[in-house]
Structure formats: structure tokens, C-alpha cells
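Engineer: The file below is upload_27.pdb, PDB, C-alpha atoms and all ligand atoms:
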MODEL        1
ATOM      1  CA  MET A   1      23.112  -1.453 -35.533
ATOM      2  CA  ARG A   2      25.466   0.726 -37.611
ATOM      3  CA  LYS A   3      25.179  -0.090 -41.302
ATOM      4  CA  HIS A   4      27.391   1.284 -44.045
ATOM      5  CA  PHE A   5      26.463   1.741 -47.700
ATOM      6  CA  LEU A   6      29.666   1.327 -49.689
ATOM      7  CA  THR A   7      28.260  -0.760 -52.521
ATOM      8  CA  LEU A   8      24.722  -1.686 -53.532
ATOM      9  CA  PHE A   9      25.355  -5.180 -52.190
ATOM     10  CA  ASP A  10      25.299  -3.664 -48.687
ATOM     11  CA  LEU A  11      21.509  -3.740 -49.082
ATOM     12  CA  SER A  12      19.406  -6.841 -49.699
ATOM     13  CA  SER A  13      16.883  -7.111 -52.533
ATOM     14  CA  GLU A  14      14.115  -6.651 -49.958
ATOM     15  CA  GLU A  15      15.747  -3.528 -48.502
ATOM     16  CA  ILE A  16      16.156  -2.026 -51.978
ATOM     17  CA  SER A  17      12.559  -2.710 -52.793
ATOM     18  CA  ALA A  18      11.376  -1.084 -49.522
ATOM     19  CA  LEU A  19      13.707   1.864 -50.060
ATOM     20  CA  LEU A  20      12.414   2.498 -53.596
ATOM     21  CA  LYS A  21       8.821   2.317 -52.413
ATOM     22  CA  ARG A  22       9.595   4.838 -49.694
ATOM     23  CA  ALA A  23      11.461   7.100 -52.145
ATOM     24  CA  LEU A  24       8.478   7.128 -54.521
ATOM     25  CA  ALA A  25       6.168   7.934 -51.594
ATOM     26  CA  MET A  26       8.470  10.763 -50.498
ATOM     27  CA  LYS A  27       8.491  12.117 -54.055
ATOM     28  CA  SER A  28       4.684  12.133 -54.048
ATOM     29  CA  GLY A  29       4.810  14.478 -51.045
ATOM     30  CA  ILE A  30       3.936  12.024 -48.283
ATOM     31  CA  ASP A  31       5.453  13.026 -44.925
ATOM     32  CA  ALA A  32       6.854  16.235 -46.449
ATOM     33  CA  ASN A  33       6.697  17.892 -43.041
ATOM     34  CA  ARG A  34       8.078  14.950 -41.110
ATOM     35  CA  CYS A  35      11.656  15.477 -40.001
ATOM     36  CA  PRO A  36      12.959  12.040 -38.967
ATOM     37  CA  LEU A  37      16.549  13.287 -38.651
ATOM     38  CA  ILE A  38      15.867  16.352 -36.553
ATOM     39  CA  GLY A  39      18.840  17.344 -34.408
ATOM     40  CA  LYS A  40      21.291  15.183 -36.386
ATOM     41  CA  SER A  41      24.346  16.294 -38.366
ATOM     42  CA  ILE A  42      25.690  14.613 -41.486
ATOM     43  CA  GLY A  43      29.146  15.194 -42.959
ATOM     44  CA  LEU A  44      29.874  15.286 -46.669
ATOM     45  CA  LEU A  45      33.581  14.627 -47.228
ATOM     46  CA  PHE A  46      34.288  15.188 -50.922
ATOM     47  CA  GLU A  47      37.671  14.743 -52.639
ATOM     48  CA  LYS A  48      36.194  15.329 -56.102
ATOM     49  CA  ALA A  49      33.863  17.761 -57.826
ATOM     50  CA  SER A  50      30.126  17.162 -57.652
ATOM     51  CA  THR A  51      26.941  18.906 -58.695
ATOM     52  CA  ARG A  52      24.138  16.384 -58.160
ATOM     53  CA  THR A  53      25.475  14.286 -55.298
ATOM     54  CA  ARG A  54      26.509  17.211 -53.163
ATOM     55  CA  VAL A  55      23.398  19.303 -53.738
ATOM     56  CA  SER A  56      20.890  16.438 -53.538
ATOM     57  CA  PHE A  57      22.435  15.272 -50.269
ATOM     58  CA  GLU A  58      22.603  18.770 -48.777
ATOM     59  CA  VAL A  59      18.993  19.508 -49.729
ATOM     60  CA  GLY A  60      17.762  16.051 -48.694
ATOM     61  CA  ILE A  61      19.506  16.254 -45.316
ATOM     62  CA  TYR A  62      17.935  19.664 -44.713
ATOM     63  CA  GLN A  63      14.488  18.391 -45.736
ATOM     64  CA  LEU A  64      14.825  15.504 -43.256
ATOM     65  CA  GLY A  65      15.525  17.988 -40.470
ATOM     66  CA  ALA A  66      19.285  17.409 -40.134
ATOM     67  CA  HIS A  67      22.288  19.657 -40.691
ATOM     68  CA  PRO A  68      24.749  18.972 -43.560
ATOM     69  CA  ILE A  69      28.441  19.865 -43.163
ATOM     70  CA  TYR A  70      30.447  19.938 -46.419
ATOM     71  CA  LEU A  71      34.134  19.119 -45.950
ATOM     72  CA  THR A  72      37.061  18.796 -48.326
ATOM     73  CA  PRO A  73      40.344  17.070 -47.394
ATOM     74  CA  HIS A  74      42.213  20.372 -47.699
ATOM     75  CA  GLU A  75      39.933  22.151 -45.278
ATOM     76  CA  ILE A  76      40.325  19.494 -42.599
ATOM     77  CA  GLN A  77      43.482  17.963 -41.121
ATOM     78  CA  LEU A  78      43.289  14.969 -43.466
ATOM     79  CA  GLY A  79      45.025  17.172 -46.024
ATOM     80  CA  ARG A  80      47.878  17.740 -43.550
ATOM     81  CA  GLY A  81      48.463  14.073 -42.900
ATOM     82  CA  GLU A  82      46.000  13.155 -40.142
ATOM     83  CA  THR A  83      45.218   9.486 -40.660
ATOM     84  CA  ILE A  84      41.940   8.123 -41.990
ATOM     85  CA  PRO A  85      41.292   6.081 -38.799
ATOM     86  CA  ASP A  86      41.864   9.120 -36.558
ATOM     87  CA  THR A  87      39.655  11.282 -38.777
ATOM     88  CA  ALA A  88      36.913   8.647 -38.769
ATOM     89  CA  ARG A  89      37.065   8.247 -34.981
ATOM     90  CA  ALA A  90      36.946  11.989 -34.343
ATOM     91  CA  LEU A  91      34.166  12.731 -36.848
ATOM     92  CA  SER A  92      32.089   9.860 -35.417
ATOM     93  CA  ARG A  93      31.937  11.789 -32.121
ATOM     94  CA  TYR A  94      30.104  14.698 -33.788
ATOM     95  CA  LEU A  95      28.297  13.349 -36.800
ATOM     96  CA  ASP A  96      25.455  10.876 -37.268
ATOM     97  CA  ALA A  97      26.628   9.731 -40.732
ATOM     98  CA  VAL A  98      29.315  10.622 -43.284
ATOM     99  CA  VAL A  99      28.912  10.685 -47.069
ATOM    100  CA  ILE A 100      32.293  10.294 -48.785
ATOM    101  CA  ARG A 101      33.280  10.932 -52.408
ATOM    102  CA  THR A 102      36.782   9.645 -53.000
ATOM    103  CA  PHE A 103      39.229   8.452 -55.637
ATOM    104  CA  GLY A 104      40.106   5.250 -53.803
ATOM    105  CA  HIS A 105      37.451   2.806 -52.697
ATOM    106  CA  ASP A 106      40.045   1.601 -50.130
ATOM    107  CA  LEU A 107      39.726   4.919 -48.293
ATOM    108  CA  LEU A 108      35.996   4.309 -47.858
ATOM    109  CA  VAL A 109      36.599   0.818 -46.559
ATOM    110  CA  GLU A 110      39.273   2.015 -44.127
ATOM    111  CA  PHE A 111      37.155   4.962 -42.968
ATOM    112  CA  SER A 112      34.119   2.743 -42.427
ATOM    113  CA  THR A 113      36.171   0.272 -40.373
ATOM    114  CA  HIS A 114      36.942   3.035 -37.873
ATOM    115  CA  SER A 115      33.663   4.943 -38.027
ATOM    116  CA  SER A 116      31.006   4.254 -35.439
ATOM    117  CA  VAL A 117      28.389   6.009 -37.608
ATOM    118  CA  PRO A 118      27.094   4.945 -41.053
ATOM    119  CA  VAL A 119      29.377   5.731 -43.995
ATOM    120  CA  ILE A 120      27.740   6.279 -47.398
ATOM    121  CA  ASN A 121      29.631   6.039 -50.683
ATOM    122  CA  GLY A 122      28.950   9.226 -52.641
ATOM    123  CA  LEU A 123      31.123   7.824 -55.508
ATOM    124  CA  SER A 124      34.451   6.040 -55.519
ATOM    125  CA  ASP A 125      36.494   4.860 -58.481
ATOM    126  CA  LEU A 126      34.876   1.441 -58.057
ATOM    127  CA  HIS A 127      31.221   2.110 -57.215
ATOM    128  CA  HIS A 128      28.472   4.716 -57.342
ATOM    129  CA  PRO A 129      25.675   3.049 -55.374
ATOM    130  CA  CYS A 130      23.664   6.219 -54.631
ATOM    131  CA  GLN A 131      23.482   6.784 -58.373
ATOM    132  CA  ALA A 132      22.210   3.236 -58.845
ATOM    133  CA  LEU A 133      19.411   3.873 -56.326
ATOM    134  CA  GLY A 134      18.256   6.898 -58.336
ATOM    135  CA  ASP A 135      18.546   4.837 -61.534
ATOM    136  CA  LEU A 136      16.440   2.001 -60.134
ATOM    137  CA  MET A 137      13.837   4.461 -58.904
ATOM    138  CA  THR A 138      13.623   6.048 -62.363
ATOM    139  CA  ILE A 139      13.265   2.701 -64.127
ATOM    140  CA  LEU A 140      10.586   1.596 -61.647
ATOM    141  CA  GLU A 141       8.757   4.905 -62.025
ATOM    142  CA  ARG A 142       8.798   4.770 -65.830
ATOM    143  CA  LYS A 143       8.379   1.032 -66.417
ATOM    144  CA  GLY A 144       6.369  -0.045 -63.361
ATOM    145  CA  ARG A 145       8.719  -2.941 -62.568
ATOM    146  CA  LEU A 146      12.370  -3.955 -62.421
ATOM    147  CA  GLN A 147      12.173  -7.738 -62.694
ATOM    148  CA  GLY A 148      12.723  -8.755 -66.314
ATOM    149  CA  ILE A 149      13.623  -5.264 -67.550
ATOM    150  CA  ARG A 150      16.284  -5.340 -70.277
ATOM    151  CA  LEU A 151      18.917  -2.744 -69.480
ATOM    152  CA  ALA A 152      21.634  -1.975 -72.032
ATOM    153  CA  TYR A 153      24.711  -0.079 -70.861
ATOM    154  CA  ILE A 154      26.844   1.254 -73.694
ATOM    155  CA  GLY A 155      30.278   2.589 -72.762
ATOM    156  CA  ASP A 156      32.959   2.406 -70.135
ATOM    157  CA  GLY A 157      32.832  -0.341 -67.498
ATOM    158  CA  ASN A 158      33.415   2.223 -64.763
ATOM    159  CA  ASN A 159      32.064   2.941 -61.268
ATOM    160  CA  VAL A 160      28.554   3.601 -62.591
ATOM    161  CA  ALA A 161      28.600   0.381 -64.616
ATOM    162  CA  ASN A 162      29.854  -1.614 -61.608
ATOM    163  CA  SER A 163      26.944  -0.386 -59.514
ATOM    164  CA  LEU A 164      24.511  -1.210 -62.336
ATOM    165  CA  VAL A 165      25.905  -4.750 -62.397
ATOM    166  CA  GLU A 166      25.022  -5.067 -58.714
ATOM    167  CA  ALA A 167      21.671  -3.340 -59.263
ATOM    168  CA  ALA A 168      20.706  -5.798 -61.991
ATOM    169  CA  SER A 169      21.608  -8.820 -59.933
ATOM    170  CA  LEU A 170      19.679  -7.539 -56.891
ATOM    171  CA  THR A 171      16.507  -6.675 -58.788
ATOM    172  CA  GLY A 172      16.218  -9.281 -61.558
ATOM    173  CA  MET A 173      16.915  -6.945 -64.475
ATOM    174  CA  SER A 174      18.957  -8.402 -67.318
ATOM    175  CA  LEU A 175      21.974  -6.229 -68.092
ATOM    176  CA  THR A 176      23.866  -6.220 -71.375
ATOM    177  CA  ILE A 177      27.021  -4.142 -71.521
ATOM    178  CA  ALA A 178      28.681  -3.115 -74.778
ATOM    179  CA  CYS A 179      32.226  -1.894 -74.287
ATOM    180  CA  PRO A 180      35.596  -2.131 -76.013
ATOM    181  CA  GLU A 181      37.847  -4.961 -74.897
ATOM    182  CA  GLY A 182      39.725  -4.054 -71.736
ATOM    183  CA  HIS A 183      37.008  -1.689 -70.511
ATOM    184  CA  GLU A 184      34.690  -4.195 -68.850
ATOM    185  CA  PRO A 185      33.331  -3.702 -65.319
ATOM    186  CA  ALA A 186      35.580  -4.882 -62.478
ATOM    187  CA  PRO A 187      36.021  -8.691 -62.534
ATOM    188  CA  GLU A 188      35.334  -9.037 -58.794
ATOM    189  CA  VAL A 189      32.059  -7.132 -59.178
ATOM    190  CA  LEU A 190      31.013  -9.279 -62.149
ATOM    191  CA  ASP A 191      31.936 -12.513 -60.354
ATOM    192  CA  ARG A 192      29.960 -11.610 -57.264
ATOM    193  CA  ALA A 193      26.918 -10.521 -59.261
ATOM    194  CA  ARG A 194      26.982 -13.655 -61.381
ATOM    195  CA  SER A 195      27.300 -15.889 -58.353
ATOM    196  CA  ALA A 196      24.225 -14.085 -56.981
ATOM    197  CA  LYS A 197      22.455 -15.228 -60.192
ATOM    198  CA  GLY A 198      22.749 -11.868 -61.971
ATOM    199  CA  GLU A 199      22.196 -12.062 -65.734
ATOM    200  CA  ILE A 200      25.066  -9.935 -67.037
ATOM    201  CA  ILE A 201      26.155 -10.182 -70.662
ATOM    202  CA  ILE A 202      29.223  -8.426 -72.009
ATOM    203  CA  LEU A 203      29.671  -7.881 -75.709
ATOM    204  CA  ARG A 204      31.377  -5.466 -78.075
ATOM    205  CA  GLU A 205      28.659  -4.314 -80.470
ATOM    206  CA  PRO A 206      26.449  -1.440 -79.189
ATOM    207  CA  LYS A 207      23.616  -2.330 -81.610
ATOM    208  CA  GLU A 208      23.503  -5.856 -80.275
ATOM    209  CA  ALA A 209      23.237  -4.566 -76.686
ATOM    210  CA  ALA A 210      20.585  -1.998 -77.582
ATOM    211  CA  GLY A 211      18.440  -4.551 -79.467
ATOM    212  CA  ARG A 212      15.098  -4.978 -77.667
ATOM    213  CA  ALA A 213      16.298  -2.923 -74.692
ATOM    214  CA  ASP A 214      13.797  -1.259 -72.348
ATOM    215  CA  VAL A 215      16.445   1.104 -71.005
ATOM    216  CA  ILE A 216      19.621   2.406 -72.617
ATOM    217  CA  TYR A 217      22.219   3.875 -70.290
ATOM    218  CA  THR A 218      25.563   5.550 -70.796
ATOM    219  CA  ASP A 219      28.173   7.534 -68.873
ATOM    220  CA  VAL A 220      31.221   9.587 -69.804
ATOM    221  CA  TRP A 221      34.135   7.795 -71.443
ATOM    222  CA  VAL A 222      36.652   9.656 -69.262
ATOM    223  CA  SER A 223      35.857   9.607 -65.560
ATOM    224  CA  MET A 224      37.218  11.986 -62.937
ATOM    225  CA  GLY A 225      40.870  11.176 -62.325
ATOM    226  CA  GLN A 226      41.407   9.699 -65.822
ATOM    227  CA  GLU A 227      42.040  13.020 -67.575
ATOM    228  CA  ASN A 228      45.543  11.952 -68.697
ATOM    229  CA  GLU A 229      44.004   9.056 -70.659
ATOM    230  CA  SER A 230      41.424  11.317 -72.263
ATOM    231  CA  GLU A 231      42.516  11.222 -75.918
ATOM    232  CA  LYS A 232      43.299   7.494 -75.865
ATOM    233  CA  LYS A 233      39.946   6.643 -74.333
ATOM    234  CA  LYS A 234      37.962   8.853 -76.678
ATOM    235  CA  LYS A 235      39.504   6.967 -79.616
ATOM    236  CA  ARG A 236      38.779   3.589 -78.018
ATOM    237  CA  PHE A 237      35.121   4.492 -77.544
ATOM    238  CA  GLU A 238      34.403   5.834 -81.014
ATOM    239  CA  GLY A 239      31.307   3.963 -82.176
ATOM    240  CA  TYR A 240      29.901   3.656 -78.658
ATOM    241  CA  GLN A 241      27.816   6.817 -78.880
ATOM    242  CA  ILE A 242      24.101   6.801 -78.052
ATOM    243  CA  ASN A 243      22.512   8.532 -81.018
ATOM    244  CA  SER A 244      19.178   8.261 -82.802
ATOM    245  CA  LYS A 245      20.445   5.450 -85.042
ATOM    246  CA  LEU A 246      21.369   3.326 -82.038
ATOM    247  CA  LEU A 247      18.151   4.248 -80.272
ATOM    248  CA  SER A 248      16.166   2.911 -83.229
ATOM    249  CA  CYS A 249      17.461  -0.612 -82.360
ATOM    250  CA  ALA A 250      15.788  -0.527 -78.958
ATOM    251  CA  LYS A 251      12.102  -0.995 -78.133
ATOM    252  CA  ASN A 252       9.905   1.914 -79.258
ATOM    253  CA  ASP A 253       9.189   2.854 -75.663
ATOM    254  CA  ALA A 254      12.780   2.497 -74.434
ATOM    255  CA  ILE A 255      13.999   5.209 -72.099
ATOM    256  CA  ILE A 256      17.443   6.790 -72.046
ATOM    257  CA  LEU A 257      19.429   7.253 -68.855
ATOM    258  CA  HIS A 258      22.727   9.025 -68.124
ATOM    259  CA  CYS A 259      24.048   9.670 -64.631
ATOM    260  CA  LEU A 260      25.373  13.111 -65.711
ATOM    261  CA  PRO A 261      27.476  15.135 -66.189
ATOM    262  CA  ALA A 262      27.343  14.345 -69.920
ATOM    263  CA  HIS A 263      29.795  15.197 -72.634
ATOM    264  CA  ARG A 264      27.305  16.048 -75.337
ATOM    265  CA  GLY A 265      28.503  14.909 -78.744
ATOM    266  CA  GLU A 266      30.777  12.226 -77.263
ATOM    267  CA  GLU A 267      28.966   9.367 -75.465
ATOM    268  CA  ILE A 268      25.508  10.810 -76.268
ATOM    269  CA  THR A 269      24.066  13.273 -78.771
ATOM    270  CA  SER A 270      22.042  16.305 -77.721
ATOM    271  CA  GLU A 271      19.225  15.048 -79.936
ATOM    272  CA  VAL A 272      18.859  11.920 -77.791
ATOM    273  CA  MET A 273      19.537  13.645 -74.471
ATOM    274  CA  ASP A 274      16.857  16.239 -75.090
ATOM    275  CA  GLY A 275      14.540  13.925 -77.010
ATOM    276  CA  PRO A 276      11.180  12.463 -75.900
ATOM    277  CA  GLN A 277      12.670   9.162 -74.692
ATOM    278  CA  SER A 278      15.144  10.788 -72.335
ATOM    279  CA  ALA A 279      14.424  10.321 -68.613
ATOM    280  CA  ILE A 280      17.779  11.841 -67.689
ATOM    281  CA  PHE A 281      16.590  14.823 -65.675
ATOM    282  CA  ASP A 282      13.951  12.778 -63.808
ATOM    283  CA  GLN A 283      16.846  10.468 -63.014
ATOM    284  CA  ALA A 284      18.856  13.423 -61.661
ATOM    285  CA  GLU A 285      15.882  14.523 -59.534
ATOM    286  CA  ASN A 286      15.395  11.010 -58.201
ATOM    287  CA  ARG A 287      18.825  11.098 -56.570
ATOM    288  CA  LEU A 288      17.237  13.416 -53.993
ATOM    289  CA  HIS A 289      14.284  11.160 -53.156
ATOM    290  CA  ALA A 290      16.254   7.907 -53.181
ATOM    291  CA  GLN A 291      18.962   9.337 -50.907
ATOM    292  CA  LYS A 292      16.375  10.703 -48.480
ATOM    293  CA  ALA A 293      14.914   7.204 -48.219
ATOM    294  CA  LEU A 294      18.447   5.831 -47.757
ATOM    295  CA  LEU A 295      19.268   8.325 -44.999
ATOM    296  CA  GLU A 296      15.994   7.577 -43.255
ATOM    297  CA  MET A 297      16.793   3.862 -43.388
ATOM    298  CA  LEU A 298      20.420   4.144 -42.259
ATOM    299  CA  VAL A 299      20.435   7.164 -39.957
ATOM    300  CA  ALA A 300      16.954   7.361 -38.428
ATOM    301  CA  GLY A 301      17.212   3.629 -37.775
ATOM    302  CA  HIS A 302      20.685   4.017 -36.204
ATOM    303  CA  SER A 303      21.136   4.879 -32.549
TER     304      SER A 303
HETATM  305  N1  LIG B   1      25.826  11.752 -61.186
HETATM  306  C1  LIG B   1      26.578  12.357 -60.269
HETATM  307  O1  LIG B   1      27.031  11.753 -59.282
HETATM  308  O2  LIG B   1      26.788  13.669 -60.524
HETATM  309  P1  LIG B   1      27.780  14.637 -59.742
HETATM  310  O3  LIG B   1      29.175  14.211 -60.094
HETATM  311  O4  LIG B   1      27.431  15.993 -60.239
HETATM  312  O5  LIG B   1      27.533  14.480 -58.269
HETATM  313  N1  LIG B   2      32.024   7.816 -64.099
HETATM  314  C1  LIG B   2      31.902   9.202 -63.726
HETATM  315  C2  LIG B   2      30.645   9.420 -62.963
HETATM  316  C3  LIG B   2      30.388  10.815 -62.515
HETATM  317  C4  LIG B   2      29.121  10.952 -61.764
HETATM  318  C5  LIG B   2      33.121   9.635 -62.930
HETATM  319  O1  LIG B   2      33.554   8.874 -62.051
HETATM  320  O2  LIG B   2      33.637  10.718 -63.171
ENDMDL
END
Can you present the structure in this file as C-alpha cells?
Structural biologist:
Amino acid sequence: MRKHFLTLFDLSSEEISALLKRALAMKSGIDANRCPLIGKSIGLLFEKASTRTRVSFEVGIYQLGAHPIYLTPHEIQLGRGETIPDTARALSRYLDAVVIRTFGHDLLVEFSTHSSVPVINGLSDLHHPCQALGDLMTILERKGRLQGIRLAYIGDGNNVANSLVEAASLTGMSLTIACPEGHEPAPEVLDRARSAKGEIIILREPKEAAGRADVIYTDVWVSMGQENESEKKKKRFEGYQINSKLLSCAKNDAIILHCLPAHRGEEITSEVMDGPQSAIFDQAENRLHAQKALLEMLVAGHS
């Protein structure tokens, strides 16, 4: 059956656990020569810039034996007014899955309604579920478990934070978010996670969130598409920086995560990013392994 991956809640806790196990096995080199997607083609339709998502998907698709096709709206007829449903119907006749990076989550939902092949969210304004898979893999790899892990997210309640809210509720991590008032994760995401028994605490004081944390996570204060709010947001988030003083509030063995790209000196200092507790570049690498496991689950299992 066709299955889309638009938010982390499109997978069950059991599926996430199996996927992470498979991703860790793939990283260890198991089945390196197996090509479960041989003969398939996967589209990457990107409206926004990307370093990690684009390259990790292109490389992962190639390693699984399939062919990636990178598309931007301006290179296809979407940019000249062809509708989303018509584009989805036509692309479904050639491709075996489509990864989409878009400004509007609505576009993903509309595209997936008309696509007969799996649609994967490669980042929308509301969610970044592929990032959350890489994050979960990194936490599991470093801490040996997810259940009971204390995750502190300091910063903007954006797409990355929304997906972490879902990740926490699906895996039994407790998530504390410190953000300025008005910058919380999306209410509908919080409500759904809390009704699924997610332990999500929102507070204002970064030190309070970081206290006794196993993992400290941040993201940029100004996401793609918010450039006109840049100065206002930077002022609002003063005091929400991850620096060595804040890190000293967390457990001694706490790790630091950042989805990247980072604005060094704003949401995080170089000292922390490049310091011994940073797992940030393992986290970037793990996007590749987690997405390969995702593609195997969604595309090799789809006929
Ligand atoms: N973290 C992440 O999605 O990075 P890119 O924007 O470079 O893809
Ligand atoms: N919140 C950031 C994440 C980039 C990977 C953005 O949307 O720009």
C-alpha cells in the first residue's frame, strides 16, 4: 500500500524503532552491496535551498540502486502554472517516490492526495520529519536508548521543533522547550502529541530547560522564508544562545545537537559546536542512513 511520510506521526512507534535499528545496521555496513531499489527512480522537488537533505537523499538513493532526479519548480511546468494535482499525477507515472521541500505544508498534503507513489517531506514550514529521524538515530547511537531521555530544545518553535515534539511523543523522550512567548511550536502539533501522551513542557528560561538534560538541541532563529523578520527575531531570541555557560547546567555527559545550517555566534557558539560534547556532524551523517532505511521501508515495500 502507498504510504506517505509528511510528518513523523505517519509512522508508528514500532515502525520508528524498526527503522532506526535498520539505519544503524546500514551504517555499520550491513547489506552495503544490496540494492533494494534497483531500477527505481525517485524525484526530489525542492523549492528551497538545501545542502544536507538534497545530498543525503541523492547519495542514499544511488546507494540503494535507484536513480535520483532533482527538480525545482522553475525547471518544471509547476513554475508556469501547471497545477499541483496534475504535476503529482504525471510524476507518479514515472517515479517511484517524490521527496518535496516546500514553503507550504499544504502543497505537500495536496500533492500527496493526488500522488499514487509515496511522498516524503524533505522540510516544510511546519515539519522536518526526515531531520527528526536522523536526530533520533543520533540520540539512540550516543545514549543507547530513547525512552526516558531528557531532551531540551532551546530556540524557535519552528518546523524542526514541531517534528521533535512528535518524535518525543512517539519514543517516550521528555521534551522541554525554552522559547520566547509567541514562538512556541504549532498548537495543533502540541495538542496531538500531548493527547498521544507526549511529555512536552514549554517554558521561557533556557537554563531551566537545560537543567539535567541529556541532549540539548537548537536551530536557527530565522528560518528560510522569514528573512524579512530577521532583525526582530534576533532581538527576541537574545539570551537563547547555547554557549558553555548554558551547557554547564546540563548533565556532564549531555550531547549537543543542531540540524544545521548553523549561524555561529547567534543560536550557538563555535566553542560549543566544535567542542567535545557536540554530536552535530554525526547527526548530519545520520540523515543519510536514516533516510536510506526510510526509503527501503516506503519504496521497496511499495508496489
Ligand atoms: N538540516 C537540513 O535539512 O539541512 P539542509 O537545509 O542543508 O538540507
Ligand atoms: N528551521 C530551518 C531548518 C533548516 C534545515 C529552516 O526551515 O530554515
Engineer: Could you give me, as JSON lines, every range 281-301 of chain A residue with an atom at most 9 Å from range 7-21 of chain A, plus its closest atom pair and distance in Å to one decimal, counting only C-alpha atoms, rows ordered by chain then number?
Structural biologist:
{"residue": "A:His289", "atom": "CA", "partner": "A:Leu20", "partner_atom": "CA", "distance": 8.9}
{"residue": "A:Ala290", "atom": "CA", "partner": "A:Leu20", "partner_atom": "CA", "distance": 6.6}
{"residue": "A:Ala293", "atom": "CA", "partner": "A:Leu19", "partner_atom": "CA", "distance": 5.8}
{"residue": "A:Leu294", "atom": "CA", "partner": "A:Leu19", "partner_atom": "CA", "distance": 6.6}
{"residue": "A:Met297", "atom": "CA", "partner": "A:Leu19", "partner_atom": "CA", "distance": 7.6}
Engineer: I need the residue set behind the PyMOL selection byres (((chain A and resi 53) around 9) and not hetatm) for this file; please write it as an mmCIF file with C-alpha atoms, in the coordinates of the input.
Structural biologist:
data_model
loop_
_atom_site.group_PDB
_atom_site.id
_atom_site.type_symbol
_atom_site.label_atom_id
_atom_site.label_comp_id
_atom_site.auth_asym_id
_atom_site.auth_seq_id
_atom_site.Cartn_x
_atom_site.Cartn_y
_atom_site.Cartn_z
ATOM 1 C CA SER A 50 30.126 17.162 -57.652
ATOM 2 C CA THR A 51 26.941 18.906 -58.695
ATOM 3 C CA ARG A 52 24.138 16.384 -58.160
ATOM 4 C CA ARG A 54 26.509 17.211 -53.163
ATOM 5 C CA VAL A 55 23.398 19.303 -53.738
ATOM 6 C CA SER A 56 20.890 16.438 -53.538
ATOM 7 C CA PHE A 57 22.435 15.272 -50.269
ATOM 8 C CA GLU A 58 22.603 18.770 -48.777
ATOM 9 C CA ARG A 101 33.280 10.932 -52.408
ATOM 10 C CA GLY A 122 28.950 9.226 -52.641
ATOM 11 C CA LEU A 123 31.123 7.824 -55.508
ATOM 12 C CA CYS A 130 23.664 6.219 -54.631
ATOM 13 C CA GLN A 131 23.482 6.784 -58.373
ATOM 14 C CA ARG A 287 18.825 11.098 -56.570
ATOM 15 C CA LEU A 288 17.237 13.416 -53.993
#
Engineer: Determine the residue membership of the PyMOL selection byres (((chain A and resi 186-192) around 12) and not hetatm) for the file above and supply it as a ChimeraX atom specification.
Structural biologist: /A:7-9,125-127,156-170,175,177,182-185,193-202
Engineer: Using all atoms listed in the file, list the residues that have an atom at most 9 Å from (35.3, 7.8, -53.5), coordinates as in the file, as JSON, numbers by chain.
Structural biologist: {"A": [46, 47, 48, 100, 101, 102, 103, 104, 105, 106, 107, 108, 121, 122, 123, 124, 125, 126, 127, 128]}
Engineer: Go through A:Glu285, A:Glu267, A:Glu141, A:Glu208 one by one, measure the shortest atom-to-atom distance of each to Gly155 in chain A using all atoms listed in the file, and give the residue with the smallest value.
Structural biologist: A:Glu267
Engineer: Once 8 Å is added on each side, what are the centre and the three edge lengths, in Å to one decimal, of the axis-aligned box enclosing the listed atoms of ligand LIG 2 (chain B)? Present them as JSON.
Structural biologist:
{"center_x": 31.4, "center_y": 9.4, "center_z": -62.9, "size_x": 20.5, "size_y": 19.1, "size_z": 18.3}
Engineer: Between A:Ala300, A:Ile149, A:Ala49, A:Leu37, which has the minimum distance to ligand LIG 2 (chain B) (counting only C-alpha atoms and all ligand atoms)?
Structural biologist: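 Checking each candidate against ligand LIG 2 (chain B), we get A:Ala49 as the closest.
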Engineer: Since I can't run it myself right now, could you work out what the PyMOL selection byres (((chain A and resi 71-79) around 9) and not hetatm) selects here and report it as a ChimeraX atom specification?
Structural biologist: /A:43-48,69-70,80-84,87
Engineer: Which polymer residues, protein or nucleic acid, are no farther than 10 Å from (11.3, 12.0, -62.6), counting only C-alpha atoms, as a list in words?
Structural biologist: Leu24, Lys27, Gly134, Met137, Thr138, Ile139, Glu141, Arg142, Ala279, Ile280, Phe281, Asp282, Gln283, Ala284, Glu285, Asn286, Arg287 and His289 of chain A
Engineer: My list of candidates is A:Ala66, A:His4, A:Ala254, A:Val119. Which is closest to Leu91 in chain A when distances are computed with all atoms listed in the file?
Structural biologist: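 For Leu91 in chain A, the nearest of the candidates is A:Val119.
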Engineer: With distances taken over all atoms listed in the file, which residue among A:Arg145, A:Leu260, A:Glu205, A:Lys292 lies nearest Ala25 in chain A?
Structural biologist: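 So, comparing all the options, the nearest one is A:Lys292.
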Engineer: Which residue is closest to ligand LIG 2 (chain B)? Choose from A:Asn243, A:Gln291, A:Gln63, A:Ser223 and count all atoms listed in the file.
Structural biologist: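 Comparing A:Asn243, A:Gln291, A:Gln63, A:Ser223 against ligand LIG 2 (chain B), the winner is A:Ser223.
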Engineer: Here is a test: counting all atoms listed in the file, which residue of A:Gly239, A:Gly39, A:Gly225, A:Gly65 is nearest to ligand LIG 2 (chain B)?
Structural biologist: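 The answer is A:Gly225, which sits nearest to ligand LIG 2 (chain B).
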Engineer: Report, in Å to a single decimal, how far apart CA of Ser116 in chain A and CA of His67 in chain A are.
Structural biologist: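 Going from CA of His67 in chain A over to CA of Ser116 in chain A, I get 18.5 Å.
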Engineer: Suppose you want the space between CA of Gly144 in chain A and CA of Ile30 in chain A; what is it in Å?
Structural biologist: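 Computing it gives 19.5 Å between the two atoms.
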Engineer: Could you name the residues that touch Asn252 in chain A at 12 Å or less, counting all atoms listed in the file, but leaving out those on the same chain fewer than 4 positions away, as a list in words?
Structural biologist: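 In the requested form, the answer reads Ala210, Gly211, Arg212, Ala213, Asp214, Val215, Ile216, Ser244, Leu246, Leu247, Ser248, Ile256, Pro276 and Gln277 of chain A.
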Engineer: What does the distance between CA of Pro85 in chain A and CA of Val299 in chain A come to in Å, to one decimal place?
Structural biologist: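 Interatomic distance, CA of Pro85 in chain A to CA of Val299 in chain A: 20.9 Å.
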